[in-house]
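Q: Quick one: structure below, then a few questions.
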Amino acid sequence: MTDPAIRIEGLRFAWKGGETVLDVPVFSLARGERLFLRGASGSGKSTLLGIIAGVLRADAGRVTVLGEDLSALSSAARDRMRADHLGVIFQMFNLVPYLSVIGNVTLPLKFSARRRQAVTGSPDDEARRLLARLGLTDSRLLERRVSDLSVGQQQRVAAARAVIGGPEIVIADEPTSALDSEVRDRFISLLSEETARTGAALLFVSHDASLANLFDRAVDLSEINRAGVRA
């Protein structure tokens with residue numbers, strides 16, 4: 001039996017000196033599954049994603065990503081796992097302001113030989129293909145510093161960066177908050193089609209319940225988190 005993409009058992013997390021934010025007995029995401037995780041603002045969604053991505057460490061429990069127990073990995077090993085196997089669209093984007101649009105999208109390929117080898121053709125051409133899917137086709141814009149773009153444009157750049165090189169898990173944290181409905185639908189189509197093409201799992205987090213029917217399965221964070229504490 002194939003291991004799930006993500007498996008959580010007995011997870012507990014609290015910020016230093018604070019109350020428990022996450023108390024998750026069990027949660028899993030199958031390989032290739034597209035899951036919509038809904039939660040109110042401040043419910044701990046971003047904290048959970050930070051733990052899955054290896055940016056934060058759980059206080060207790062087991063978090064397994066692609067068969068690897070994150071608690072058993074060093075900080076450097078978690079960074080390597082994230083670079084090679086995860087594409088993350090952070091809520092604050094985490095783009096590099098002084099790099100161009102193309103430079104931001106191709107950045108993961110510089111840190112991961114695995115993802116670089118998965119690209120057919122040149123990295124720049126693959127970046128342009130993904131950006132075109134999101135309506136960013138102006139060659140002059142693609143060479144500009146990403147800090148010159150609007151928030152909605154930056155959000156799309158972050159999406160292209162997350163899926164380039166075919167990571168096995170794509171995590172998206174409130175990725176459509178700055179997009180109008182037409183661009184939002186194009187955005188979700190890109191994530192769905194690119195993950196389906198590579199067989200990746202997609203964990204899409206949002207407070208917008210209207211998007212749930214676009215995914216294989218929908219879960220409310222309140223259903224899996226017993227803490228019930230705003231974070």
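To be explicit about the labels: the chains of the structure tokens are called A, B, and onward in the order shown, and within each one the residues are counted from 1, while ligands get numbers from 1 in the order they are shown.
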Can you list every residue of stretch 161-226 of chain A that has an atom at most 10 Å from stretch 2-14 of chain A, with its nearest atom pair and the distance in Å to one decimal, using only C-alpha atoms, ordered by chain then number, as a tab-separated table?
A:
```
residue	atom	partner	partner_atom	distance
A:Glu168	CA	A:Ala5	CA	8.0
A:Ile169	CA	A:Ala5	CA	7.2
A:Ala200	CA	A:Ala5	CA	8.7
A:Ala201	CA	A:Ala5	CA	6.8
A:Leu202	CA	A:Ala5	CA	9.5
A:Leu203	CA	A:Ile6	CA	9.7
A:Asn225	CA	A:Leu11	CA	9.3
A:Arg226	CA	A:Arg12	CA	9.7
```
Q: Output N, CA and C atoms for every residue in the selection just made, as a CSV table (one decimal), in the first residue's frame.
A:
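Writing the result to out00.csv gives the following:
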```csv
chain,number,residue,atom,x,y,z
A,168,GLU,N,6.0,17.0,-5.7
A,168,GLU,CA,5.0,16.0,-5.4
A,168,GLU,C,3.8,16.4,-4.6
A,169,ILE,N,4.0,17.5,-3.9
A,169,ILE,CA,2.9,18.2,-3.1
A,169,ILE,C,2.9,19.7,-3.4
A,200,ALA,N,0.8,15.0,-8.6
A,200,ALA,CA,1.1,15.6,-7.3
A,200,ALA,C,-0.2,15.8,-6.5
A,201,ALA,N,-0.1,15.8,-5.2
A,201,ALA,CA,-1.2,16.1,-4.3
A,201,ALA,C,-1.3,17.6,-4.2
A,202,LEU,N,-2.5,18.1,-4.0
A,202,LEU,CA,-2.8,19.6,-3.8
A,202,LEU,C,-3.5,19.8,-2.5
A,203,LEU,N,-3.0,20.6,-1.7
A,203,LEU,CA,-3.6,21.0,-0.4
A,203,LEU,C,-3.9,22.5,-0.5
A,225,ASN,N,-9.3,19.7,14.1
A,225,ASN,CA,-8.6,20.4,15.1
A,225,ASN,C,-9.4,20.5,16.4
A,226,ARG,N,-9.0,19.9,17.4
A,226,ARG,CA,-9.7,19.9,18.7
A,226,ARG,C,-9.4,21.1,19.6
```
Q: Could you tell me, as a count of residues only, which residues of stretch 133-209 of chain A DSSP assigns to strand (DSSP E) when given the backbone?
A: 11
Q: Interatomic distance between atom CA of A:Ala196 and atom CA of A:Gly32?
A: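 So the two atoms, atom CA of A:Ala196 and atom CA of A:Gly32, lie 6.9 Å apart.
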Q: Please report, as a list of chain:residue names, each residue of stretch 78-110 of chain A to which DSSP assigns helix (DSSP H, G or I) when run on this structure's backbone.
A: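 Matching residues, listed in order: A:Arg78, A:Asp79, A:Arg80, A:Met81, A:Arg82, A:Ala83, A:Asp84, A:His85, A:Val101, A:Ile102, A:Gly103, A:Asn104, A:Val105, A:Thr106, A:Leu107, A:Pro108, A:Leu109, A:Lys110.
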Q: Go ahead and write the residues just picked, N, CA and C atoms, as a tab-separated table (two decimals), in the first residue's frame.
A:
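Writing done, so here's out.tsv:
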```tsv
chain	number	residue	atom	x	y	z
A	78	ARG	N	14.95	19.12	6.48
A	78	ARG	CA	13.59	19.60	6.19
A	78	ARG	C	13.62	20.63	5.06
A	79	ASP	N	14.62	21.48	5.06
A	79	ASP	CA	14.77	22.45	3.98
A	79	ASP	C	14.96	21.74	2.64
A	80	ARG	N	15.77	20.68	2.64
A	80	ARG	CA	16.01	19.92	1.41
A	80	ARG	C	14.73	19.22	0.95
A	81	MET	N	13.99	18.64	1.88
A	81	MET	CA	12.72	18.01	1.56
A	81	MET	C	11.78	19.01	0.90
A	82	ARG	N	11.68	20.20	1.49
A	82	ARG	CA	10.79	21.23	0.95
A	82	ARG	C	11.23	21.66	-0.45
A	83	ALA	N	12.53	21.86	-0.64
A	83	ALA	CA	13.04	22.31	-1.94
A	83	ALA	C	12.79	21.28	-3.04
A	84	ASP	N	12.97	20.01	-2.71
A	84	ASP	CA	12.86	18.96	-3.72
A	84	ASP	C	11.42	18.51	-4.00
A	85	HIS	N	10.58	18.54	-2.99
A	85	HIS	CA	9.31	17.82	-3.11
A	85	HIS	C	8.04	18.67	-2.90
A	101	VAL	N	10.38	38.69	-12.69
A	101	VAL	CA	9.29	37.71	-12.66
A	101	VAL	C	9.82	36.33	-13.04
A	102	ILE	N	10.54	36.25	-14.16
A	102	ILE	CA	11.10	34.98	-14.60
A	102	ILE	C	12.08	34.43	-13.56
A	103	GLY	N	12.91	35.30	-13.00
A	103	GLY	CA	13.87	34.87	-12.00
A	103	GLY	C	13.21	34.28	-10.77
A	104	ASN	N	12.07	34.82	-10.36
A	104	ASN	CA	11.34	34.28	-9.22
A	104	ASN	C	10.75	32.92	-9.53
A	105	VAL	N	10.18	32.76	-10.71
A	105	VAL	CA	9.52	31.50	-11.05
A	105	VAL	C	10.54	30.37	-11.17
A	106	THR	N	11.71	30.66	-11.73
A	106	THR	CA	12.72	29.61	-11.92
A	106	THR	C	13.57	29.36	-10.69
A	107	LEU	N	13.41	30.15	-9.65
A	107	LEU	CA	14.26	30.03	-8.46
A	107	LEU	C	14.29	28.63	-7.85
A	108	PRO	N	13.14	27.92	-7.74
A	108	PRO	CA	13.20	26.58	-7.15
A	108	PRO	C	14.13	25.63	-7.91
A	109	LEU	N	14.31	25.84	-9.19
A	109	LEU	CA	15.15	24.96	-9.99
A	109	LEU	C	16.62	25.15	-9.65
A	110	LYS	N	16.97	26.29	-9.11
A	110	LYS	CA	18.36	26.55	-8.72
A	110	LYS	C	18.72	25.83	-7.42
```
Q: Considering only C-alpha atoms, return as a list of chain:residue names whatever protein or nucleic-acid residues lie within 12 Å of A:Ser189, sequence-local ones (same chain, fewer than 2 positions apart) excluded.
A: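 Near A:Ser189, the qualifying residues are A:Arg34, A:Leu130, A:Arg133, A:Leu134, A:Ala159, A:Thr176, A:Glu182, A:Val183, A:Arg184, A:Asp185, A:Arg186, A:Phe187, A:Leu191, A:Ser192, A:Glu193, A:Glu194, A:Thr195, A:Ala196, A:Arg197, A:Leu202, A:Leu211, A:Leu214, A:Phe215.
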Q: How many Å lie between atom CA of A:Ser71 and atom CA of A:Arg57, rounded to one decimal?
A: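 That distance, rounded to one decimal, is 7.2 Å.
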Q: As a list of chain:residue names, please: the residues near A:Leu56 (cut-off 12 Å, only C-alpha atoms, same-chain neighbours under 2 positions excluded).
A: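 The residues that qualify are A:Arg12, A:Phe13, A:Ala14, A:Trp15, A:Ser46, A:Thr47, A:Leu48, A:Leu49, A:Gly50, A:Ile51, A:Ile52, A:Ala53, A:Gly54, A:Ala58, A:Asp59, A:Val63, A:Leu70, A:Ser71, A:Ser74, A:Ser75, A:Arg78, A:Asp79.
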Q: Need the shell around A:Ile224: protein/DNA/RNA residues with any atom at most 12 Å away, counting only C-alpha atoms. Skip same-chain ones fewer than 6 positions apart. Format as a list of chain:residue names?
A: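 The residues satisfying every condition are A:Ile8, A:Glu9, A:Gly10, A:Leu11, A:Arg12, A:Leu22, A:Asp23, A:Val24, A:Pro25, A:Val26, A:Phe27, A:Ser28, A:Leu37, A:Arg38, A:Gly39, A:Ser43, A:Gly44, A:Lys45, A:Leu48, A:Ala218.
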